[in-house]
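For reference, the structure is listed below as structure tokens.
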Amino acid sequence: MISFISRPLRIVALVVLLGAVGGAWWVWQGAQTSTAVEATDAVSEFRTADSTPDVAPRPGVPAAGVYRYRVTGEEAAGTGVLSAERPLPAEAVYIISPTAEGYHEDLRFSQEHVEEARFRVDPAGTTAEWRRTKVTFVGIGADTRDDVVPAALDHPRPMKAGDEWGGDYQLGELAVSYTAKVTGTGTATVDGRTVRTVTYRTDATFEGPTPGTRTDIVVFAPALSLPVSWSIDQTTGGASDFTISADMELVSGTPER
């Protein structure tokens, strides 16, 4: 979930796209925009799929439902003049579904950019078991799902200032190395009440088809098992460069369902 070490994105080179499509200008223009995900649609989808009793979640698992995050930022793909940059929609939706061992998350920056993961939760913390990334520009891109081998600690429980963790894992053909550290503690106001927060930073490097780096800075509310805010900065290469810079702020700690 929070230390969002997702698979670097295998974006098909825009030079191929522009060489294959006659209306290059129209294609380029379309690549500059994202399609927002409507929270009402996500709630309807959640209600159709959800069979979870309406009970309090166990420790370390966020309450089930659909959360919204205010977002500022942009993402880009391609190289040189044959590149496209688009702003991220003003809101992202974050869908939480409990599982027998933890929970499934579905983060939708846009209809073109979706991140999913399955997490195991135990007294030691939250561990990622698999991840899915979908990113497209005008329908061209990638949609991949891979096991995290071995499963990797996303964040421990509890966390205190100075805690550090990290490791190495394989995500399909990609080798990931990461380190994380709690950099501070504090409080935040969520739904009119004060909650304790823990801030931690995760730095990851990727080797393989899409080499690069990613940094996540997360303000996490243990009482909610949710990020109150987090920032993402990622740059990867390979067949086509990809970058994303995003800042996210939780709208409400009470999910819609």
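Simple scheme: letters A, B, ... for chains in structure tokens order, numbers from 1 for residues in each chain, numbers from 1 for ligands in the order shown.
Within segment 30-205 of chain A, residues classed as alpha helix (DSSP H) by DSSP on backbone coordinates are Gly30, Ala39, Thr40, Asp41, Ala42, Val43, Ser44, Glu45, Phe46, Arg47, Thr48 and Ala49 of chain A.
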Could the residues in this selection be saved with C-alpha atoms as an mmCIF file, in the first residue's frame?
data_model
loop_
_atom_site.group_PDB
_atom_site.id
_atom_site.type_symbol
_atom_site.label_atom_id
_atom_site.label_comp_id
_atom_site.auth_asym_id
_atom_site.auth_seq_id
_atom_site.Cartn_x
_atom_site.Cartn_y
_atom_site.Cartn_z
ATOM 1 C CA GLY A 30 -4.875 12.788 -27.074
ATOM 2 C CA ALA A 39 -15.967 8.103 -7.371
ATOM 3 C CA THR A 40 -19.658 7.285 -7.825
ATOM 4 C CA ASP A 41 -18.760 4.688 -10.453
ATOM 5 C CA ALA A 42 -16.136 3.184 -8.145
ATOM 6 C CA VAL A 43 -18.671 2.992 -5.296
ATOM 7 C CA SER A 44 -21.215 1.260 -7.543
ATOM 8 C CA GLU A 45 -18.535 -1.210 -8.625
ATOM 9 C CA PHE A 46 -17.527 -1.824 -5.011
ATOM 10 C CA ARG A 47 -21.118 -2.464 -3.938
ATOM 11 C CA THR A 48 -21.615 -4.956 -6.750
ATOM 12 C CA ALA A 49 -18.457 -6.894 -5.897
#
Kindly assemble as JSON lines a list of the segment 79-184 of chain A residues that lie within 6 Å of segment 204-208 of chain A, each paired with its nearest atom pair and their distance in Å to one decimal, using only C-alpha atoms, sorted first by chain and then by ascending residue number.
{"residue": "A:Leu174", "atom": "CA", "partner": "A:Gly208", "partner_atom": "CA", "distance": 4.9}
{"residue": "A:Ala175", "atom": "CA", "partner": "A:Glu207", "partner_atom": "CA", "distance": 5.1}
{"residue": "A:Val176", "atom": "CA", "partner": "A:Phe206", "partner_atom": "CA", "distance": 4.8}
{"residue": "A:Ser177", "atom": "CA", "partner": "A:Thr205", "partner_atom": "CA", "distance": 5.4}
{"residue": "A:Tyr178", "atom": "CA", "partner": "A:Ala204", "partner_atom": "CA", "distance": 4.2}
Counting only C-alpha atoms, the residue of A:Ile217, A:His155, A:Trp230, A:Glu129 that sits nearest Met248 of chain A: A:Trp230
Segment 181-196 of chain A surroundings by only C-alpha atoms, 12 Å radius, close-in-sequence under 3 positions cut, as a ChimeraX atom specification: /A:3,154-166,178,199-203,215-229,249-255
Tell me which protein, DNA and RNA residues are within 6 Å of segment 68-83 of chain A, counting only C-alpha atoms, leaving out same-chain ones fewer than 4 positions away, and put them as a PDB file with all heavy atoms, in the first residue's frame.
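The resulting file, around28.pdb, is reproduced below:
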ATOM      1  N   ALA A  13       7.207   2.928 -26.941  1.00  0.00           N
ATOM      2  CA  ALA A  13       7.814   4.173 -27.396  1.00  0.00           C
ATOM      3  C   ALA A  13       6.860   4.934 -28.301  1.00  0.00           C
ATOM      4  O   ALA A  13       6.267   4.383 -29.220  1.00  0.00           O
ATOM      5  CB  ALA A  13       9.116   3.869 -28.135  1.00  0.00           C
ATOM      6  N   LEU A  14       6.708   6.229 -28.028  1.00  0.00           N
ATOM      7  CA  LEU A  14       5.792   7.036 -28.825  1.00  0.00           C
ATOM      8  C   LEU A  14       6.268   7.186 -30.260  1.00  0.00           C
ATOM      9  O   LEU A  14       5.469   7.446 -31.161  1.00  0.00           O
ATOM     10  CB  LEU A  14       5.626   8.424 -28.180  1.00  0.00           C
ATOM     11  CG  LEU A  14       4.886   8.415 -26.850  1.00  0.00           C
ATOM     12  CD1 LEU A  14       4.705   9.843 -26.360  1.00  0.00           C
ATOM     13  CD2 LEU A  14       3.551   7.731 -26.967  1.00  0.00           C
ATOM     14  N   VAL A  15       7.573   7.008 -30.472  1.00  0.00           N
ATOM     15  CA  VAL A  15       8.039   7.092 -31.839  1.00  0.00           C
ATOM     16  C   VAL A  15       7.388   6.007 -32.693  1.00  0.00           C
ATOM     17  O   VAL A  15       7.069   6.220 -33.863  1.00  0.00           O
ATOM     18  CB  VAL A  15       9.581   6.999 -31.896  1.00  0.00           C
ATOM     19  CG1 VAL A  15      10.073   5.657 -31.377  1.00  0.00           C
ATOM     20  CG2 VAL A  15      10.083   7.202 -33.326  1.00  0.00           C
ATOM     21  N   PRO A  87      -1.284  16.192 -17.217  1.00  0.00           N
ATOM     22  CA  PRO A  87      -1.562  16.375 -15.797  1.00  0.00           C
ATOM     23  C   PRO A  87      -2.404  15.223 -15.286  1.00  0.00           C
ATOM     24  O   PRO A  87      -3.206  14.639 -16.021  1.00  0.00           O
ATOM     25  CB  PRO A  87      -2.353  17.689 -15.754  1.00  0.00           C
ATOM     26  CG  PRO A  87      -2.995  17.771 -17.109  1.00  0.00           C
ATOM     27  CD  PRO A  87      -2.040  17.142 -18.062  1.00  0.00           C
ATOM     28  N   LEU A  88      -2.210  14.872 -14.027  1.00  0.00           N
ATOM     29  CA  LEU A  88      -3.065  13.874 -13.406  1.00  0.00           C
ATOM     30  C   LEU A  88      -4.406  14.504 -13.042  1.00  0.00           C
ATOM     31  O   LEU A  88      -4.466  15.691 -12.707  1.00  0.00           O
ATOM     32  CB  LEU A  88      -2.394  13.317 -12.152  1.00  0.00           C
ATOM     33  CG  LEU A  88      -1.093  12.550 -12.385  1.00  0.00           C
ATOM     34  CD1 LEU A  88      -0.380  12.314 -11.059  1.00  0.00           C
ATOM     35  CD2 LEU A  88      -1.357  11.240 -13.098  1.00  0.00           C
ATOM     36  N   ALA A  90      -7.630  15.685 -10.893  1.00  0.00           N
ATOM     37  CA  ALA A  90      -7.593  16.339  -9.583  1.00  0.00           C
ATOM     38  C   ALA A  90      -7.919  15.402  -8.435  1.00  0.00           C
ATOM     39  O   ALA A  90      -7.617  15.712  -7.273  1.00  0.00           O
ATOM     40  CB  ALA A  90      -8.561  17.523  -9.573  1.00  0.00           C
ATOM     41  N   GLU A  91      -8.557  14.268  -8.715  1.00  0.00           N
ATOM     42  CA  GLU A  91      -8.853  13.286  -7.676  1.00  0.00           C
ATOM     43  C   GLU A  91      -8.514  11.877  -8.148  1.00  0.00           C
ATOM     44  O   GLU A  91      -8.696  11.548  -9.326  1.00  0.00           O
ATOM     45  CB  GLU A  91     -10.334  13.317  -7.269  1.00  0.00           C
ATOM     46  CG  GLU A  91     -10.679  14.374  -6.255  1.00  0.00           C
ATOM     47  CD  GLU A  91     -12.031  14.122  -5.592  1.00  0.00           C
ATOM     48  OE1 GLU A  91     -12.759  13.198  -6.009  1.00  0.00           O
ATOM     49  OE2 GLU A  91     -12.343  14.857  -4.648  1.00  0.00           O
ATOM     50  N   ALA A  92      -8.018  11.080  -7.220  1.00  0.00           N
ATOM     51  CA  ALA A  92      -7.826   9.650  -7.448  1.00  0.00           C
ATOM     52  C   ALA A  92      -8.756   8.892  -6.505  1.00  0.00           C
ATOM     53  O   ALA A  92      -9.121   9.398  -5.434  1.00  0.00           O
ATOM     54  CB  ALA A  92      -6.376   9.248  -7.174  1.00  0.00           C
ATOM     55  N   VAL A  93      -9.146   7.690  -6.894  1.00  0.00           N
ATOM     56  CA  VAL A  93      -9.934   6.854  -5.998  1.00  0.00           C
ATOM     57  C   VAL A  93      -9.064   5.684  -5.542  1.00  0.00           C
ATOM     58  O   VAL A  93      -8.195   5.206  -6.278  1.00  0.00           O
ATOM     59  CB  VAL A  93     -11.237   6.342  -6.641  1.00  0.00           C
ATOM     60  CG1 VAL A  93     -12.131   7.514  -7.022  1.00  0.00           C
ATOM     61  CG2 VAL A  93     -10.959   5.460  -7.854  1.00  0.00           C
ATOM     62  N   SER A 240      11.068   3.271 -23.581  1.00  0.00           N
ATOM     63  CA  SER A 240      10.602   4.653 -23.563  1.00  0.00           C
ATOM     64  C   SER A 240      10.737   5.185 -22.153  1.00  0.00           C
ATOM     65  O   SER A 240      10.484   4.468 -21.186  1.00  0.00           O
ATOM     66  CB  SER A 240       9.144   4.737 -24.028  1.00  0.00           C
ATOM     67  OG  SER A 240       8.668   6.055 -23.960  1.00  0.00           O
ATOM     68  N   ASP A 241      11.159   6.442 -22.019  1.00  0.00           N
ATOM     69  CA  ASP A 241      11.246   7.050 -20.696  1.00  0.00           C
ATOM     70  C   ASP A 241       9.853   7.219 -20.107  1.00  0.00           C
ATOM     71  O   ASP A 241       8.872   7.450 -20.829  1.00  0.00           O
ATOM     72  CB  ASP A 241      11.917   8.414 -20.784  1.00  0.00           C
ATOM     73  CG  ASP A 241      13.369   8.322 -21.215  1.00  0.00           C
ATOM     74  OD1 ASP A 241      13.950   7.232 -21.092  1.00  0.00           O
ATOM     75  OD2 ASP A 241      13.904   9.337 -21.686  1.00  0.00           O
ATOM     76  N   PHE A 242       9.774   7.130 -18.777  1.00  0.00           N
ATOM     77  CA  PHE A 242       8.523   7.421 -18.071  1.00  0.00           C
ATOM     78  C   PHE A 242       8.854   8.155 -16.796  1.00  0.00           C
ATOM     79  O   PHE A 242       9.804   7.793 -16.083  1.00  0.00           O
ATOM     80  CB  PHE A 242       7.742   6.159 -17.740  1.00  0.00           C
ATOM     81  CG  PHE A 242       6.497   6.431 -16.948  1.00  0.00           C
ATOM     82  CD1 PHE A 242       5.348   6.866 -17.577  1.00  0.00           C
ATOM     83  CD2 PHE A 242       6.496   6.296 -15.564  1.00  0.00           C
ATOM     84  CE1 PHE A 242       4.200   7.151 -16.844  1.00  0.00           C
ATOM     85  CE2 PHE A 242       5.360   6.582 -14.828  1.00  0.00           C
ATOM     86  CZ  PHE A 242       4.205   7.001 -15.469  1.00  0.00           C
ATOM     87  N   THR A 243       8.066   9.195 -16.486  1.00  0.00           N
ATOM     88  CA  THR A 243       8.215   9.909 -15.222  1.00  0.00           C
ATOM     89  C   THR A 243       6.842  10.186 -14.642  1.00  0.00           C
ATOM     90  O   THR A 243       5.857  10.356 -15.370  1.00  0.00           O
ATOM     91  CB  THR A 243       8.948  11.255 -15.388  1.00  0.00           C
ATOM     92  OG1 THR A 243       8.175  12.119 -16.232  1.00  0.00           O
ATOM     93  CG2 THR A 243      10.337  11.061 -15.980  1.00  0.00           C
ATOM     94  N   ILE A 244       6.784  10.206 -13.318  1.00  0.00           N
ATOM     95  CA  ILE A 244       5.580  10.657 -12.629  1.00  0.00           C
ATOM     96  C   ILE A 244       5.996  11.420 -11.388  1.00  0.00           C
ATOM     97  O   ILE A 244       6.948  11.032 -10.693  1.00  0.00           O
ATOM     98  CB  ILE A 244       4.638   9.493 -12.257  1.00  0.00           C
ATOM     99  CG1 ILE A 244       3.366  10.021 -11.565  1.00  0.00           C
ATOM    100  CG2 ILE A 244       5.343   8.447 -11.413  1.00  0.00           C
ATOM    101  CD1 ILE A 244       2.282   8.974 -11.364  1.00  0.00           C
ATOM    102  N   SER A 245       5.323  12.522 -11.129  1.00  0.00           N
ATOM    103  CA  SER A 245       5.484  13.299  -9.909  1.00  0.00           C
ATOM    104  C   SER A 245       4.083  13.609  -9.408  1.00  0.00           C
ATOM    105  O   SER A 245       3.288  14.229 -10.127  1.00  0.00           O
ATOM    106  CB  SER A 245       6.257  14.590 -10.179  1.00  0.00           C
ATOM    107  OG  SER A 245       6.368  15.362  -9.001  1.00  0.00           O
ATOM    108  N   ALA A 246       3.757  13.155  -8.210  1.00  0.00           N
ATOM    109  CA  ALA A 246       2.390  13.311  -7.708  1.00  0.00           C
ATOM    110  C   ALA A 246       2.405  13.589  -6.219  1.00  0.00           C
ATOM    111  O   ALA A 246       3.221  13.025  -5.476  1.00  0.00           O
ATOM    112  CB  ALA A 246       1.577  12.051  -7.991  1.00  0.00           C
ATOM    113  N   ASP A 247       1.496  14.442  -5.780  1.00  0.00           N
ATOM    114  CA  ASP A 247       1.246  14.707  -4.369  1.00  0.00           C
ATOM    115  C   ASP A 247      -0.219  14.414  -4.097  1.00  0.00           C
ATOM    116  O   ASP A 247      -1.105  14.925  -4.798  1.00  0.00           O
ATOM    117  CB  ASP A 247       1.563  16.156  -4.015  1.00  0.00           C
ATOM    118  CG  ASP A 247       3.048  16.460  -4.127  1.00  0.00           C
ATOM    119  OD1 ASP A 247       3.831  15.813  -3.420  1.00  0.00           O
ATOM    120  OD2 ASP A 247       3.412  17.332  -4.934  1.00  0.00           O
ATOM    121  N   MET A 248      -0.487  13.602  -3.065  1.00  0.00           N
ATOM    122  CA  MET A 248      -1.837  13.143  -2.778  1.00  0.00           C
ATOM    123  C   MET A 248      -2.224  13.504  -1.344  1.00  0.00           C
ATOM    124  O   MET A 248      -1.417  13.386  -0.430  1.00  0.00           O
ATOM    125  CB  MET A 248      -1.928  11.636  -2.998  1.00  0.00           C
ATOM    126  CG  MET A 248      -1.503  11.184  -4.375  1.00  0.00           C
ATOM    127  SD  MET A 248      -1.430   9.380  -4.552  1.00  0.00           S
ATOM    128  CE  MET A 248      -3.136   8.953  -4.256  1.00  0.00           C
ATOM    129  N   GLU A 249      -3.478  13.925  -1.184  1.00  0.00           N
ATOM    130  CA  GLU A 249      -4.005  14.283   0.146  1.00  0.00           C
ATOM    131  C   GLU A 249      -5.351  13.596   0.336  1.00  0.00           C
ATOM    132  O   GLU A 249      -6.261  13.713  -0.502  1.00  0.00           O
ATOM    133  CB  GLU A 249      -4.186  15.804   0.261  1.00  0.00           C
ATOM    134  CG  GLU A 249      -2.899  16.610   0.175  1.00  0.00           C
ATOM    135  CD  GLU A 249      -2.064  16.510   1.438  1.00  0.00           C
ATOM    136  OE1 GLU A 249      -2.616  16.117   2.492  1.00  0.00           O
ATOM    137  OE2 GLU A 249      -0.859  16.841   1.365  1.00  0.00           O
ATOM    138  N   LEU A 250      -5.509  12.896   1.465  1.00  0.00           N
ATOM    139  CA  LEU A 250      -6.743  12.192   1.767  1.00  0.00           C
ATOM    140  C   LEU A 250      -7.892  13.168   1.970  1.00  0.00           C
ATOM    141  O   LEU A 250      -7.776  14.133   2.719  1.00  0.00           O
ATOM    142  CB  LEU A 250      -6.548  11.345   3.036  1.00  0.00           C
ATOM    143  CG  LEU A 250      -7.729  10.509   3.522  1.00  0.00           C
ATOM    144  CD1 LEU A 250      -8.039   9.394   2.509  1.00  0.00           C
ATOM    145  CD2 LEU A 250      -7.423   9.912   4.890  1.00  0.00           C
ATOM    146  N   VAL A 251      -9.017  12.912   1.317  1.00  0.00           N
ATOM    147  CA  VAL A 251     -10.198  13.775   1.457  1.00  0.00           C
ATOM    148  C   VAL A 251     -10.935  13.448   2.746  1.00  0.00           C
ATOM    149  O   VAL A 251     -11.328  14.341   3.503  1.00  0.00           O
ATOM    150  CB  VAL A 251     -11.119  13.628   0.234  1.00  0.00           C
ATOM    151  CG1 VAL A 251     -12.424  14.394   0.451  1.00  0.00           C
ATOM    152  CG2 VAL A 251     -10.433  14.113  -1.026  1.00  0.00           C
TER     153      VAL A 251
END
Surrounding residues of Asp147 of chain A excluding itself and chain neighbours under 6 positions, 12 Å, only C-alpha atoms, as a ChimeraX atom specification: /A:6-7,116-119,127-133,169-174
Selected residues written out with N, CA and C atoms, as an mmCIF file, in the first residue's frame:
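Printed below is selection.cif as written:
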data_model
loop_
_atom_site.group_PDB
_atom_site.id
_atom_site.type_symbol
_atom_site.label_atom_id
_atom_site.label_comp_id
_atom_site.auth_asym_id
_atom_site.auth_seq_id
_atom_site.Cartn_x
_atom_site.Cartn_y
_atom_site.Cartn_z
ATOM 1 N N SER A 6 5.800 0.340 -6.927
ATOM 2 C CA SER A 6 5.104 -0.362 -7.987
ATOM 3 C C SER A 6 6.016 -0.606 -9.165
ATOM 4 N N ARG A 7 5.606 -1.504 -10.028
ATOM 5 C CA ARG A 7 6.425 -1.860 -11.170
ATOM 6 C C ARG A 7 6.651 -0.651 -12.055
ATOM 7 N N GLU A 116 -2.665 -1.809 -8.593
ATOM 8 C CA GLU A 116 -3.302 -2.728 -7.653
ATOM 9 C C GLU A 116 -2.240 -3.530 -6.916
ATOM 10 N N ALA A 117 -2.584 -3.998 -5.727
ATOM 11 C CA ALA A 117 -1.677 -4.851 -4.962
ATOM 12 C C ALA A 117 -2.481 -5.660 -3.956
ATOM 13 N N ARG A 118 -1.916 -6.798 -3.594
ATOM 14 C CA ARG A 118 -2.486 -7.625 -2.520
ATOM 15 C C ARG A 118 -1.473 -7.682 -1.394
ATOM 16 N N PHE A 119 -1.975 -7.465 -0.150
ATOM 17 C CA PHE A 119 -1.114 -7.403 1.017
ATOM 18 C C PHE A 119 -1.533 -8.422 2.072
ATOM 19 N N THR A 127 2.807 -6.802 4.218
ATOM 20 C CA THR A 127 3.743 -7.359 3.242
ATOM 21 C C THR A 127 3.072 -7.496 1.883
ATOM 22 N N ALA A 128 3.737 -7.004 0.826
ATOM 23 C CA ALA A 128 3.208 -7.075 -0.534
ATOM 24 C C ALA A 128 3.447 -8.461 -1.122
ATOM 25 N N GLU A 129 2.391 -9.055 -1.690
ATOM 26 C CA GLU A 129 2.479 -10.382 -2.297
ATOM 27 C C GLU A 129 2.445 -10.338 -3.823
ATOM 28 N N TRP A 130 1.676 -9.427 -4.406
ATOM 29 C CA TRP A 130 1.722 -9.198 -5.848
ATOM 30 C C TRP A 130 1.313 -7.777 -6.150
ATOM 31 N N ARG A 131 1.682 -7.326 -7.355
ATOM 32 C CA ARG A 131 1.355 -5.972 -7.781
ATOM 33 C C ARG A 131 0.937 -5.987 -9.242
ATOM 34 N N ARG A 132 0.018 -5.077 -9.575
ATOM 35 C CA ARG A 132 -0.406 -4.884 -10.956
ATOM 36 C C ARG A 132 -0.260 -3.412 -11.305
ATOM 37 N N THR A 133 0.211 -3.137 -12.512
ATOM 38 C CA THR A 133 0.306 -1.767 -13.009
ATOM 39 C C THR A 133 -0.274 -1.708 -14.414
ATOM 40 N N TYR A 169 13.766 -7.802 -4.126
ATOM 41 C CA TYR A 169 12.794 -8.761 -4.625
ATOM 42 C C TYR A 169 12.710 -8.677 -6.141
ATOM 43 N N GLN A 170 12.082 -9.682 -6.706
ATOM 44 C CA GLN A 170 11.877 -9.757 -8.146
ATOM 45 C C GLN A 170 10.419 -9.484 -8.457
ATOM 46 N N LEU A 171 10.174 -8.677 -9.470
ATOM 47 C CA LEU A 171 8.824 -8.371 -9.923
ATOM 48 C C LEU A 171 8.798 -8.671 -11.413
ATOM 49 N N GLY A 172 8.455 -9.920 -11.756
ATOM 50 C CA GLY A 172 8.593 -10.330 -13.143
ATOM 51 C C GLY A 172 10.053 -10.296 -13.545
ATOM 52 N N GLU A 173 10.372 -9.578 -14.629
ATOM 53 C CA GLU A 173 11.741 -9.468 -15.107
ATOM 54 C C GLU A 173 12.516 -8.345 -14.425
ATOM 55 N N LEU A 174 11.862 -7.655 -13.519
ATOM 56 C CA LEU A 174 12.458 -6.483 -12.885
ATOM 57 C C LEU A 174 13.017 -6.829 -11.513
#
Surrounding residues of Val114 of chain A excluding itself and chain neighbours under 5 positions, 6 Å, only C-alpha atoms, as a PyMOL selection string: chain A and resi 107-108+133-134
Atoms kept (C-alpha atoms) for selection, written as a short mmCIF file (atom, residue, chain, number, x, y, z; two decimals), in the first residue's frame:
data_model
loop_
_atom_site.label_atom_id
_atom_site.label_comp_id
_atom_site.auth_asym_id
_atom_site.auth_seq_id
_atom_site.Cartn_x
_atom_site.Cartn_y
_atom_site.Cartn_z
CA LEU A 107 -5.53 2.88 -6.68
CA ARG A 108 -6.85 4.64 -9.77
CA THR A 133 0.31 -1.77 -13.01
CA LYS A 134 -1.69 -0.50 -15.95
#
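Taking atom CA of Ile96 of chain A as the reference point, atom CA of Pro59 of chain A is found at 14.4 Å.
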DSSP strand (DSSP E or B) selection over segment 18-219 of chain A, as a ChimeraX atom specification: /A:65-79,82-87,91-98,102-108,113-122,125-137,140-156,164-171,174-190,193-207,212-219
Atom CA of Thr179 of chain A to atom CA of Ala151 of chain A, distance in Å rounded to a single decimal: 14.8 Å
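Shortest atom-to-atom contact with Ser97 of chain A among A:Val198, A:Ala180, A:Gly125, A:Arg257: A:Arg257, counting only C-alpha atoms.
The spacing separating atom CA of Ala36 of chain A from atom CA of Phe109 of chain A amounts to 7.5 Å.
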